[in-house]
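**Student:** What follows is the file input36.txt, containing compact mmCIF, C-alpha atoms (C1' of nucleotides):
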```
# COMPACT_ATOMS: atom_id res chain seq x y z
CA MET O 209 40.33 4.81 8.85
CA SER O 210 39.75 7.26 6.02
CA GLN O 211 37.99 10.56 6.42
CA ASP O 212 34.91 9.16 4.74
CA ASP O 213 33.99 6.59 7.33
CA MET O 214 34.26 8.56 10.47
CA THR O 215 30.99 7.07 11.57
CA LYS O 216 31.19 4.19 13.98
CA VAL O 217 29.75 1.51 11.75
CA GLN O 218 31.85 -1.60 11.95
CA ALA O 219 33.06 -3.51 8.93
CA ARG O 220 30.88 -6.34 10.14
CA THR O 221 27.81 -4.18 9.67
CA LEU O 222 28.52 -3.49 6.03
CA LYS O 223 29.26 -7.13 5.44
CA THR O 224 25.98 -8.27 6.99
CA ARG O 225 24.00 -5.67 5.06
CA ALA O 226 25.67 -6.77 1.84
CA LYS O 227 24.87 -10.39 2.62
CA LEU O 228 21.24 -9.50 3.20
CA LEU O 229 20.95 -7.49 0.00
CA ALA O 230 22.65 -10.20 -2.03
CA ALA O 231 20.36 -12.84 -0.56
CA ALA O 232 17.34 -10.69 -1.28
CA GLN O 233 18.39 -10.16 -4.87
CA GLU O 234 18.78 -13.89 -5.31
CA VAL O 235 15.33 -14.50 -3.89
CA VAL O 236 13.82 -11.87 -6.18
CA ALA O 237 15.58 -13.38 -9.17
CA ASP O 238 14.16 -16.75 -8.18
CA ILE O 239 10.57 -16.01 -7.26
CA GLY O 240 9.96 -12.29 -7.85
CA PHE O 241 9.32 -9.37 -5.54
CA GLU O 242 5.84 -10.22 -4.38
CA ALA O 243 6.65 -13.72 -3.16
CA LEU O 244 9.75 -12.62 -1.23
CA ARG O 245 9.61 -13.52 2.45
CA VAL O 246 11.88 -11.98 5.03
CA GLU O 247 12.45 -15.38 6.62
CA GLN O 248 13.68 -16.71 3.32
CA VAL O 249 16.11 -13.83 2.94
CA VAL O 250 17.60 -14.21 6.40
CA ALA O 251 17.88 -17.97 5.94
CA LYS O 252 19.77 -17.48 2.69
CA ALA O 253 21.95 -14.78 4.27
CA GLY O 254 22.60 -16.96 7.29
CA VAL O 255 21.57 -14.40 9.89
CA ALA O 256 18.80 -14.15 12.44
CA LYS O 257 15.51 -12.45 11.73
CA GLY O 258 16.18 -9.71 14.22
CA THR O 259 19.33 -8.78 12.34
CA PHE O 260 17.29 -8.02 9.25
CA PHE O 261 15.24 -5.44 11.10
CA ALA O 262 18.36 -3.93 12.60
CA HIS O 263 19.43 -3.16 9.05
CA PHE O 264 16.09 -2.33 7.44
CA LYS O 265 13.31 -0.46 9.12
CA ASP O 266 10.80 -2.86 7.59
CA LYS O 267 10.27 -5.08 4.58
CA ASP O 268 9.31 -2.07 2.49
CA ALA O 269 12.69 -0.45 3.16
CA LEU O 270 14.41 -3.46 1.67
CA MET O 271 12.10 -3.32 -1.33
CA GLU O 272 12.98 0.31 -1.85
CA GLN O 273 16.65 -0.51 -1.84
CA LEU O 274 16.08 -3.23 -4.40
CA ILE O 275 13.76 -1.27 -6.67
CA ALA O 276 15.18 2.25 -6.57
CA PRO O 277 18.56 1.43 -8.13
CA VAL O 278 16.88 -0.28 -11.06
CA VAL O 279 14.63 2.69 -11.72
CA ASP O 280 17.62 4.92 -11.24
CA SER O 281 19.64 3.15 -13.89
CA TYR O 282 16.80 3.56 -16.36
CA LEU O 283 16.72 7.28 -15.61
CA ASP O 284 20.47 7.47 -16.18
CA GLU O 285 19.95 6.06 -19.64
CA LEU O 286 17.20 8.57 -20.25
CA GLU O 287 19.45 11.51 -19.49
CA MET O 288 22.05 10.28 -21.94
CA ARG O 289 19.60 10.38 -24.82
CA PRO O 290 19.52 13.18 -27.34
CA ALA O 291 16.76 15.75 -27.00
CA PRO O 292 13.33 14.27 -27.76
CA ARG O 293 11.83 15.50 -31.00
CA SER O 294 8.27 14.38 -30.30
CA VAL O 295 5.97 12.94 -27.67
CA GLU O 296 6.34 9.56 -29.33
CA GLU O 297 10.07 9.66 -28.70
CA ILE O 298 9.53 10.45 -25.04
CA VAL O 299 7.16 7.56 -24.62
CA GLU O 300 9.51 5.25 -26.43
CA ALA O 301 12.33 6.34 -24.15
CA LEU O 302 10.17 5.66 -21.11
CA THR O 303 9.06 2.21 -22.23
CA PRO O 304 11.79 0.24 -20.42
CA VAL O 305 11.13 1.85 -17.05
CA ILE O 306 7.39 1.46 -17.55
CA ARG O 307 7.88 -2.23 -18.25
CA PHE O 308 9.84 -2.68 -15.06
CA MET O 309 7.43 -0.70 -12.92
CA THR O 310 4.36 -2.56 -14.13
CA ALA O 311 5.78 -6.03 -14.48
CA GLU O 312 4.57 -6.84 -10.98
CA ARG O 313 1.59 -5.18 -9.37
CA TYR O 314 3.38 -5.36 -6.03
CA VAL O 315 6.35 -3.43 -7.39
CA PHE O 316 4.09 -0.70 -8.68
CA ASP O 317 2.39 -0.48 -5.29
CA VAL O 318 5.72 -0.11 -3.54
CA ILE O 319 6.73 2.64 -5.93
CA LEU O 320 3.37 4.34 -5.53
CA ARG O 321 3.59 4.24 -1.76
CA HIS O 322 7.08 5.65 -1.75
CA SER O 323 7.12 8.00 -4.70
CA GLY O 324 5.27 10.59 -2.70
CA ALA O 325 7.74 9.70 0.04
CA ALA O 326 7.10 7.25 2.78
CA ALA O 327 7.50 8.86 6.14
CA LYS O 328 7.37 12.58 6.30
CA GLU O 329 10.48 12.64 8.46
CA GLU O 330 12.84 10.53 6.49
CA ILE O 331 12.98 10.35 2.74
CA GLY O 332 13.49 7.05 1.03
CA PRO O 333 15.47 6.16 -2.10
CA ILE O 334 12.42 5.95 -4.35
CA ALA O 335 11.18 9.38 -3.37
CA GLN O 336 14.68 10.70 -3.83
CA ASN O 337 14.91 9.52 -7.35
CA PHE O 338 11.48 10.84 -8.20
CA TYR O 339 12.71 14.13 -6.86
CA ARG O 340 15.86 13.80 -8.85
CA THR O 341 13.80 12.97 -11.92
CA GLN O 342 12.19 16.32 -11.81
CA PHE O 343 15.56 18.03 -12.17
CA ALA O 344 17.23 15.43 -14.33
CA LEU O 345 14.43 15.14 -16.82
CA ALA O 346 13.60 18.81 -16.92
CA PRO O 347 16.62 19.89 -18.99
CA TRP O 348 16.09 16.96 -21.34
CA LEU O 349 12.45 17.88 -21.85
CA ALA O 350 13.28 21.55 -22.21
CA LYS O 351 15.33 20.81 -25.29
CA GLY O 352 12.34 19.31 -27.08
CA PRO O 353 9.73 21.08 -29.22
CA PHE O 354 7.30 21.63 -26.38
CA ARG O 355 5.41 24.45 -24.75
CA LYS O 356 7.54 27.19 -23.24
CA ASP O 357 4.94 29.00 -21.17
CA ILE O 358 5.77 27.00 -18.04
CA SER O 359 9.02 26.02 -16.40
CA ALA O 360 10.86 22.88 -17.42
CA GLU O 361 10.53 21.59 -13.87
CA LEU O 362 6.77 21.87 -14.03
CA LEU O 363 6.84 20.13 -17.38
CA ALA O 364 8.75 17.23 -15.84
CA ASP O 365 6.51 17.20 -12.79
CA GLY O 366 3.46 16.80 -14.98
CA LEU O 367 5.13 14.05 -16.95
CA GLY O 368 5.57 12.20 -13.66
CA ALA O 369 1.93 12.64 -12.76
CA PHE O 370 0.71 11.34 -16.10
CA LEU O 371 3.16 8.47 -16.04
CA ILE O 372 1.73 7.31 -12.72
CA GLN O 373 -1.82 7.83 -13.97
CA ALA O 374 -1.24 5.85 -17.15
CA MET O 375 0.28 2.97 -15.25
CA ALA O 376 -2.41 2.98 -12.57
CA LEU O 377 -5.11 2.94 -15.22
CA ASN O 378 -3.51 -0.07 -16.80
CA PHE O 379 -4.07 -2.09 -13.65
CA CYS O 380 -7.71 -1.11 -13.77
CA ALA O 381 -10.30 -3.47 -15.15
CA LEU O 382 -12.22 -0.62 -16.73
CA HIS O 383 -9.35 0.89 -18.66
CA ASN O 384 -7.12 -1.77 -20.03
CA GLU O 385 -8.21 -1.71 -23.61
CA ARG O 386 -5.52 0.86 -24.32
CA THR O 387 -1.84 0.15 -23.73
CA ILE O 388 0.04 2.22 -21.18
CA GLU O 389 2.12 3.72 -23.95
CA ASP O 390 -0.90 4.78 -26.00
CA GLN O 391 -2.56 6.26 -22.96
CA LEU O 392 0.58 8.12 -21.99
CA THR O 393 0.96 9.46 -25.50
CA ILE O 394 -2.52 10.97 -25.32
CA TYR O 395 -1.75 12.57 -21.98
CA LEU O 396 1.61 13.93 -23.01
CA LYS O 397 0.40 15.43 -26.26
CA ALA O 398 -2.22 17.32 -24.31
CA TRP O 399 0.26 18.29 -21.62
CA LEU O 400 3.35 19.15 -23.66
CA GLN O 401 1.78 20.38 -26.87
CA PRO O 402 -1.50 22.10 -26.14
CA ALA O 403 -3.05 23.24 -29.38
CA LEU O 404 -5.02 26.21 -28.27
CA MET J 153 -40.32 -12.83 -1.33
CA SER J 154 -40.32 -9.83 -3.63
CA GLN J 155 -38.91 -9.83 -7.13
CA ASP J 156 -35.92 -7.86 -5.99
CA ASP J 157 -34.40 -10.41 -3.68
CA MET J 158 -34.43 -13.47 -5.81
CA THR J 159 -30.92 -14.17 -4.69
CA LYS J 160 -30.55 -16.59 -1.83
CA VAL J 161 -29.04 -14.18 0.68
CA GLN J 162 -30.82 -14.51 3.93
CA ALA J 163 -32.00 -11.58 6.01
CA ARG J 164 -29.47 -12.68 8.59
CA THR J 165 -26.66 -11.98 6.14
CA LEU J 166 -27.65 -8.39 5.62
CA LYS J 167 -28.05 -7.93 9.32
CA THR J 168 -24.60 -9.27 10.08
CA ARG J 169 -22.99 -7.16 7.38
CA ALA J 170 -24.75 -4.10 8.72
CA LYS J 171 -23.55 -4.92 12.23
CA LEU J 172 -19.99 -5.23 10.98
CA LEU J 173 -20.12 -1.96 9.08
CA ALA J 174 -21.67 -0.13 12.00
CA ALA J 175 -19.06 -1.51 14.36
CA ALA J 176 -16.29 -0.54 11.96
CA GLN J 177 -17.63 2.99 11.66
CA GLU J 178 -17.69 3.29 15.43
CA VAL J 179 -14.12 2.09 15.66
CA VAL J 180 -13.01 4.55 13.00
CA ALA J 181 -14.81 7.36 14.78
CA ASP J 182 -13.01 6.37 17.98
CA ILE J 183 -9.47 5.71 16.88
CA GLY J 184 -9.23 6.46 13.15
CA PHE J 185 -8.74 4.29 10.09
CA GLU J 186 -5.12 3.36 10.58
CA ALA J 187 -5.53 1.97 14.09
CA LEU J 188 -8.57 -0.12 13.20
CA ARG J 189 -8.12 -3.82 13.93
CA VAL J 190 -10.35 -6.50 12.49
CA GLU J 191 -10.49 -8.22 15.88
CA GLN J 192 -11.81 -5.05 17.44
CA VAL J 193 -14.51 -4.75 14.81
CA VAL J 194 -15.73 -8.32 15.22
CA ALA J 195 -15.67 -7.98 19.00
CA LYS J 196 -17.82 -4.87 18.80
CA ALA J 197 -20.12 -6.48 16.27
CA GLY J 198 -20.40 -9.60 18.40
CA VAL J 199 -19.46 -12.06 15.67
CA ALA J 200 -16.56 -14.41 15.06
CA LYS J 201 -13.50 -13.43 13.08
CA GLY J 202 -14.26 -15.88 10.31
CA THR J 203 -17.59 -14.20 9.77
CA PHE J 204 -15.83 -10.96 8.93
CA PHE J 205 -13.96 -12.58 6.10
CA ALA J 206 -17.10 -14.24 4.82
CA HIS J 207 -18.45 -10.73 4.29
CA PHE J 208 -15.31 -8.89 3.22
CA LYS J 209 -12.59 -10.33 1.02
CA ASP J 210 -9.99 -8.71 3.23
CA LYS J 211 -9.43 -5.73 5.51
CA ASP J 212 -8.88 -3.49 2.52
CA ALA J 213 -12.31 -4.34 1.18
CA LEU J 214 -13.85 -3.05 4.40
CA MET J 215 -11.75 0.09 4.16
CA GLU J 216 -12.98 0.66 0.65
CA GLN J 217 -16.58 0.39 1.78
CA LEU J 218 -15.92 2.89 4.53
CA ILE J 219 -13.92 5.36 2.47
CA ALA J 220 -15.62 5.27 -0.92
CA PRO J 221 -19.02 6.57 0.26
CA VAL J 222 -17.39 9.56 1.92
CA VAL J 223 -15.46 10.48 -1.19
CA ASP J 224 -18.60 9.84 -3.17
CA SER J 225 -20.63 12.28 -1.14
CA TYR J 226 -18.02 14.97 -1.69
CA LEU J 227 -18.19 14.34 -5.40
CA ASP J 228 -21.97 14.64 -5.28
CA GLU J 229 -21.59 18.08 -3.78
CA LEU J 230 -19.11 18.97 -6.49
CA GLU J 231 -21.52 18.12 -9.25
CA MET J 232 -24.18 20.33 -7.71
CA ARG J 233 -21.98 23.38 -7.89
CA PRO J 234 -22.33 26.01 -10.59
CA ALA J 235 -19.77 25.96 -13.38
CA PRO J 236 -16.30 26.94 -12.15
CA ARG J 237 -15.14 30.34 -13.36
CA SER J 238 -11.48 29.89 -12.55
CA VAL J 239 -8.87 27.39 -11.41
CA GLU J 240 -9.08 28.88 -7.94
CA GLU J 241 -12.76 27.98 -7.78
CA ILE J 242 -12.01 24.40 -8.76
CA VAL J 243 -9.37 24.07 -6.09
CA GLU J 244 -11.66 25.60 -3.53
CA ALA J 245 -14.38 23.15 -4.49
CA LEU J 246 -11.94 20.27 -4.11
CA THR J 247 -10.64 21.34 -0.72
CA PRO J 248 -13.04 19.26 1.38
CA VAL J 249 -12.28 16.01 -0.41
CA ILE J 250 -8.56 16.78 -0.32
CA ARG J 251 -8.79 17.31 3.42
CA PHE J 252 -10.46 13.97 3.90
CA MET J 253 -8.09 12.08 1.64
CA THR J 254 -4.97 13.44 3.28
CA ALA J 255 -6.10 13.57 6.89
CA GLU J 256 -4.58 10.14 7.43
CA ARG J 257 -1.67 8.82 5.46
CA TYR J 258 -3.20 5.36 5.64
CA VAL J 259 -6.41 6.55 4.01
CA PHE J 260 -4.48 8.11 1.17
CA ASP J 261 -2.60 4.86 0.67
CA VAL J 262 -5.81 2.87 0.51
CA ILE J 263 -7.22 5.29 -2.04
CA LEU J 264 -4.00 5.20 -4.03
CA ARG J 265 -3.94 1.42 -4.05
CA HIS J 266 -7.52 1.18 -5.18
CA SER J 267 -7.96 4.21 -7.41
CA GLY J 268 -6.13 2.48 -10.22
CA ALA J 269 -8.31 -0.47 -9.27
CA ALA J 270 -7.31 -3.24 -6.96
CA ALA J 271 -7.56 -6.56 -8.66
CA LYS J 272 -7.70 -6.57 -12.39
CA GLU J 273 -10.64 -8.95 -12.30
CA GLU J 274 -13.00 -7.25 -9.93
CA ILE J 275 -13.40 -3.54 -9.59
CA GLY J 276 -13.80 -2.00 -6.16
CA PRO J 277 -15.92 0.93 -5.00
CA ILE J 278 -13.04 3.38 -4.94
CA ALA J 279 -11.99 2.63 -8.48
CA GLN J 280 -15.62 2.87 -9.50
CA ASN J 281 -16.01 6.33 -8.14
CA PHE J 282 -12.77 7.47 -9.70
CA TYR J 283 -14.14 6.14 -12.92
CA ARG J 284 -17.40 7.90 -12.26
CA THR J 285 -15.50 11.08 -11.46
CA GLN J 286 -14.15 11.19 -14.92
CA PHE J 287 -17.63 11.36 -16.34
CA ALA J 288 -19.26 13.31 -13.55
CA LEU J 289 -16.63 16.00 -13.39
CA ALA J 290 -16.11 16.26 -17.10
CA PRO J 291 -19.36 18.14 -17.85
CA TRP J 292 -18.76 20.40 -14.87
CA LEU J 293 -15.27 21.25 -16.07
CA ALA J 294 -16.43 21.67 -19.64
CA LYS J 295 -18.64 24.54 -18.59
CA GLY J 296 -15.67 26.52 -17.28
CA PRO J 297 -13.40 28.92 -19.16
CA PHE J 298 -10.80 26.31 -20.01
CA ARG J 299 -9.03 24.95 -23.04
CA LYS J 300 -11.25 23.38 -25.67
CA ASP J 301 -8.66 21.58 -27.75
CA ILE J 302 -9.08 18.33 -25.83
CA SER J 303 -12.10 16.40 -24.68
CA ALA J 304 -13.77 17.14 -21.37
CA GLU J 305 -13.04 13.58 -20.27
CA LEU J 306 -9.34 14.07 -20.83
CA LEU J 307 -9.55 17.34 -18.94
CA ALA J 308 -11.07 15.54 -15.97
CA ASP J 309 -8.62 12.69 -16.26
CA GLY J 310 -5.71 15.10 -16.01
CA LEU J 311 -7.29 16.81 -13.05
CA GLY J 312 -7.34 13.45 -11.31
CA ALA J 313 -3.68 12.85 -12.08
CA PHE J 314 -2.63 16.22 -10.74
CA LEU J 315 -4.83 15.87 -7.70
CA ILE J 316 -3.05 12.63 -6.79
CA GLN J 317 0.32 14.17 -7.52
CA ALA J 318 -0.32 17.24 -5.37
CA MET J 319 -1.46 15.09 -2.46
CA ALA J 320 1.42 12.64 -2.81
CA LEU J 321 3.91 15.48 -2.86
CA ASN J 322 2.44 16.81 0.33
CA PHE J 323 3.37 13.64 2.14
CA CYS J 324 6.90 14.10 0.91
CA ALA J 325 9.55 15.62 3.12
CA LEU J 326 11.13 17.45 0.23
CA HIS J 327 8.00 19.20 -0.98
CA ASN J 328 5.92 20.30 1.91
CA GLU J 329 6.73 23.96 1.90
CA ARG J 330 3.79 24.54 -0.43
CA THR J 331 0.24 23.61 0.54
CA ILE J 332 -1.58 21.00 -1.48
CA GLU J 333 -3.98 23.66 -2.69
CA ASP J 334 -1.24 25.97 -3.90
CA GLN J 335 0.52 23.14 -5.64
CA LEU J 336 -2.69 21.99 -7.26
CA THR J 337 -3.44 25.51 -8.43
CA ILE J 338 -0.10 25.67 -10.21
CA TYR J 339 -0.73 22.33 -11.89
CA LEU J 340 -4.26 23.13 -12.95
CA LYS J 341 -3.44 26.53 -14.39
CA ALA J 342 -0.84 24.87 -16.54
CA TRP J 343 -3.19 22.03 -17.45
CA LEU J 344 -6.45 23.84 -17.96
CA GLN J 345 -5.27 27.21 -19.16
CA PRO J 346 -2.10 26.81 -21.18
CA ALA J 347 -0.91 30.22 -22.33
CA LEU J 348 0.90 29.35 -25.47
C1' DA E 178 45.63 -8.33 29.35
C1' DT E 179 41.65 -6.72 31.54
C1' DT E 180 37.99 -3.81 31.96
C1' DT E 181 34.48 -1.10 29.94
C1' DA E 182 31.32 0.82 26.83
C1' DA E 183 29.32 0.84 22.48
C1' DT E 184 27.52 -1.79 18.79
C1' DA E 185 25.77 -5.91 16.50
C1' DT E 186 23.37 -10.33 16.66
C1' DT E 187 20.19 -13.60 18.33
C1' DG E 188 15.80 -16.15 18.54
C1' DA E 189 11.82 -16.68 21.39
C1' DC E 190 7.91 -14.10 21.27
C1' DC E 191 3.95 -11.17 19.87
C1' DA E 192 0.34 -8.94 16.81
C1' DC E 193 -2.66 -9.34 13.47
C1' DG E 194 -4.55 -10.56 8.96
C1' DG E 195 -6.42 -14.42 6.92
C1' DT E 196 -8.03 -19.78 6.41
C1' DC E 197 -10.89 -23.79 6.85
C1' DA E 198 -13.01 -27.98 8.77
C1' DT E 199 -16.78 -28.20 11.83
C1' DT E 200 -21.11 -26.78 13.73
C1' DT E 201 -25.33 -24.11 13.74
C1' DT E 202 -29.06 -21.91 11.54
C1' DT E 203 -32.38 -21.31 7.91
C1' DA E 204 -35.25 -22.61 4.06
C1' DT E 205 -37.59 -26.40 1.40
C1' DC E 206 -40.05 -30.48 0.60
C1' DC E 207 -42.93 -34.48 1.87
C1' DG T 51 -43.18 -32.21 12.39
C1' DG T 52 -39.24 -34.62 10.65
C1' DA T 53 -35.77 -35.15 7.03
C1' DT T 54 -32.63 -32.90 3.94
C1' DA T 55 -29.86 -29.60 1.72
C1' DA T 56 -28.01 -25.02 1.37
C1' DA T 57 -26.15 -21.07 3.53
C1' DA T 58 -23.98 -18.79 7.42
C1' DA T 59 -21.28 -18.54 11.56
C1' DT T 60 -17.61 -20.30 14.45
C1' DG T 61 -13.00 -20.32 16.53
C1' DA T 62 -8.83 -22.92 16.65
C1' DC T 63 -5.14 -22.46 13.75
C1' DC T 64 -1.53 -20.64 10.56
C1' DG T 65 1.84 -17.42 8.09
C1' DT T 66 4.47 -13.70 8.31
C1' DG T 67 6.06 -9.10 9.58
C1' DG T 68 7.96 -7.00 13.39
C1' DT T 69 9.82 -6.52 18.67
C1' DC T 70 12.97 -6.83 22.43
C1' DA T 71 15.54 -8.47 26.46
C1' DA T 72 19.46 -11.17 26.52
C1' DT T 73 23.92 -12.37 24.57
C1' DA T 74 28.03 -11.91 21.79
C1' DT T 75 31.34 -9.17 19.39
C1' DT T 76 34.19 -5.28 18.60
C1' DA T 77 36.86 -1.08 19.71
C1' DA T 78 38.93 1.93 23.06
C1' DA T 79 41.10 2.90 27.49
C1' DT T 80 44.24 1.74 31.32
```
Give the structure from this file in structure tokens form.
**Tutor:**
Amino acid sequence: MSQDDMTKVQARTLKTRAKLLAAAQEVVADIGFEALRVEQVVAKAGVAKGTFFAHFKDKDALMEQLIAPVVDSYLDELEMRPAPRSVEEIVEALTPVIRFMTAERYVFDVILRHSGAAAKEEIGPIAQNFYRTQFALAPWLAKGPFRKDISAELLADGLGAFLIQAMALNFCALHNERTIEDQLTIYLKAWLQPAL
Amino acid sequence: MSQDDMTKVQARTLKTRAKLLAAAQEVVADIGFEALRVEQVVAKAGVAKGTFFAHFKDKDALMEQLIAPVVDSYLDELEMRPAPRSVEEIVEALTPVIRFMTAERYVFDVILRHSGAAAKEEIGPIAQNFYRTQFALAPWLAKGPFRKDISAELLADGLGAFLIQAMALNFCALHNERTIEDQLTIYLKAWLQPAL
DNA sequence: ATTTAATATTGACCACGGTCATTTTTATCC
DNA sequence: GGATAAAAATGACCGTGGTCAATATTAAAT
């Protein structure tokens, strides 16, 4: 037993959890996030229903574990990019993650619920990577030709707020004449490049 | 039959709906929004469960009808106020509605879900009053000593985004060392009064 | 090997939101 | 007032997320 796994989790536990996650990913690939049923996942994984809830607090916790890594990988790609030279470049860089987040209304709802962090006590993966975003994106943003009167962290924080707003508006019957990207561009120009 | 009620809704319908709403309000007053059960509401209203769903599309629709008017009344008060002279005055004016929206996590979730509008087809009361906010608050904001390089509507739109963000962050384990109001003040100073 | 304690799994069961064929009430027409 | 059609109310029923006492498995101790 290496120093890393001093905890008492058995190998069996990790195996079962992996089976459940793999089954869930298959189900999502087949029928999407919204239509996923816990019973279907446990059937495919070959375990009892109770086992599922021994591994995941609730269905939402599974969803987080499925969604967060995807968002995370998009953010990784973002960080790799060269410094943005304009708002348009930022929006373009964000397009893939926007696509993923808004492809299914249900997915967006899950993200929304958990971006501000689910339970106050314990912080979930989605909240963690929104938190991370603030620090990961800040240096990237700071390198661009944007306002310098506020901290880079605040800059990134605001970007997050407007990103959510633009996506939420897109699901709204009253506001879907503009694309998310166009809407976000308007917001970000006003936020990052105020022309006093 | 007056000209107003040319529709075929019977008086009975209105009565039943009123009974359901009254019962629901009682339940909320007793045990809060989150703990409300549809079965409890119909029991108190003295109608069958099916009747509930003939009047409300789902539980969320009832919640909207309970929550939206409250938020609405706070917004009414906002509009009455004299022009804000500083960010602090805006935040102070928003405090009551912030309190209400964040008193129960469940309430905030309902608002979040419906602020960007629930179904794309039909727009709910909460989305409507967020939409209204943009136009109601815009003139109020425009009268204050804030940036003039962007439209008043955009100003109000951003305020909404930051309001959501500040509240969401408050529910987050990683960010609750600052009060919502303090956080919002930081955001709004950066948004409304950029010091290039 | 056997006992023991901790951990993992099971599946019958429950809670609760939501549905729908049936029944009851209301309005309309002769 | 009786017949007819439309609208409203009913409650048994279902789907699905989530629980928990009972059982099975694993690891450690003697």
**Student:** Which one is closest to chain T: J:Leu293, J:Val161, J:Leu307, J:Leu166? Count all atoms listed in the file.
**Tutor:**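 Once distances to chain T are computed over all atoms listed in the file, the minimum belongs to J:Val161.
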**Student:** To one decimal place, how far is atom CA of Val299 of chain O from atom CA of Tyr395 of chain O in Å?
**Tutor:** 10.6 Å
**Student:** Could the residues of chain J within 10 Å of chain E, counting all atoms listed in the file, be given as a PyMOL selection string, please?
**Tutor:** chain J and resi 160+162-164+189-191+201-202+205+209-211
**Student:** Grab the atom CA of Leu188 of chain J to atom CA of Tyr258 of chain J distance for me, in Å with one decimal place.
**Tutor:**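 Atom-to-atom, atom CA of Leu188 of chain J to atom CA of Tyr258 of chain J, that is 10.8 Å.
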**Student:** List every residue of chain J that has an atom at most 10 Å from any atom of chain O, giving for each one its closest atom pair and the distance in Å to one decimal, counting all atoms listed in the file, sorted by chain and then by ascending residue number, as a tab-separated table.
**Tutor:**
```
residue	atom	partner	partner_atom	distance
J:Arg257	CA	O:Ala327	CA	9.2
J:Phe260	CA	O:Arg321	CA	9.4
J:Asp261	CA	O:Arg321	CA	6.7
J:Val262	CA	O:Arg321	CA	9.8
J:Leu264	CA	O:Leu320	CA	7.6
J:Arg265	CA	O:Asp317	CA	6.7
J:His266	CA	O:Cys380	CA	8.9
J:Ser267	CA	O:Ala376	CA	7.7
J:Gly268	CA	O:Ala376	CA	4.4
J:Ala269	CA	O:Cys380	CA	4.6
J:Ala270	CA	O:Cys380	CA	7.1
J:Ala271	CA	O:Cys380	CA	7.5
J:Lys272	CA	O:Ala381	CA	4.9
J:Glu273	CA	O:Ala381	CA	6.2
J:Glu274	CA	O:Ala381	CA	7.0
J:Ile275	CA	O:Ala381	CA	6.4
J:Gly276	CA	O:Ala381	CA	9.8
J:Ala279	CA	O:Cys380	CA	7.8
J:Gln280	CA	O:Leu382	CA	8.7
J:Tyr283	CA	O:Leu382	CA	8.0
J:Arg299	CA	O:Leu404	CA	6.7
J:Lys300	CA	O:Leu404	CA	7.3
J:Asp301	CA	O:Leu404	CA	5.9
J:Ile302	CA	O:Ala398	CA	7.1
J:Ser303	CA	O:Ala398	CA	9.9
J:Leu306	CA	O:Tyr395	CA	7.8
J:Leu307	CA	O:Ala398	CA	9.1
J:Asp309	CA	O:Gln373	CA	8.7
J:Gly310	CA	O:Phe370	CA	7.4
J:Gly312	CA	O:Gln373	CA	8.3
J:Ala313	CA	O:Ala369	CA	5.7
J:Phe314	CA	O:Ala369	CA	6.1
J:Leu315	CA	O:Ala369	CA	9.0
J:Ile316	CA	O:Ala369	CA	7.8
J:Gln317	CA	O:Ala369	CA	5.7
J:Ala318	CA	O:Ala369	CA	9.0
J:Met319	CA	O:Gly324	CA	8.1
J:Ala320	CA	O:Gly324	CA	4.4
J:Leu321	CA	O:Gly324	CA	5.1
J:Asn322	CA	O:Gly324	CA	7.5
J:Phe323	CA	O:Lys328	CA	5.9
J:Cys324	CA	O:Ala325	CA	4.6
J:Ala325	CA	O:Lys328	CA	4.9
J:Leu326	CA	O:Ile331	CA	7.8
J:His327	CA	O:Tyr339	CA	9.1
J:Asn328	CA	O:Lys328	CA	9.0
J:Ile338	CA	O:Leu362	CA	8.7
J:Tyr339	CA	O:Gly366	CA	7.6
J:Lys341	CA	O:Ile358	CA	9.9
J:Ala342	CA	O:Ile358	CA	7.1
J:Trp343	CA	O:Trp399	CA	6.6
J:Leu344	CA	O:Trp399	CA	9.4
J:Gln345	CA	O:Leu404	CA	9.2
J:Pro346	CA	O:Pro402	CA	6.9
J:Ala347	CA	O:Asp357	CA	6.1
J:Leu348	CA	O:Asp357	CA	5.9
```
**Student:** Could you check the closest approach to Phe338 of chain O for each of O:Glu242, O:Glu296, O:Glu272, O:Asp280 and tell me which residue wins, using all atoms listed in the file?
**Tutor:**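 Comparing O:Glu242, O:Glu296, O:Glu272, O:Asp280 against Phe338 of chain O, the winner is O:Asp280.
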**Student:** Quick check: residues of chain T within 8 Å of chain O, only C-alpha atoms (C1' of nucleotides), returned as an mmCIF file with C-alpha atoms (C1' of nucleotides), keeping the file's coordinate frame.
**Tutor:**
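Result written to iface.cif:
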```
data_model
loop_
_atom_site.group_PDB
_atom_site.id
_atom_site.type_symbol
_atom_site.label_atom_id
_atom_site.label_comp_id
_atom_site.auth_asym_id
_atom_site.auth_seq_id
_atom_site.Cartn_x
_atom_site.Cartn_y
_atom_site.Cartn_z
ATOM 1 C "C1'" DT T 66 4.470 -13.700 8.310
ATOM 2 C "C1'" DG T 67 6.060 -9.100 9.580
ATOM 3 C "C1'" DG T 68 7.960 -7.000 13.390
ATOM 4 C "C1'" DT T 76 34.190 -5.280 18.600
#
```
**Student:** Could you check how far atom CA of Thr303 of chain O sits from atom CA of Ser281 of chain O, in Å to one decimal?
**Tutor:**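 It comes out at 13.5 Å.
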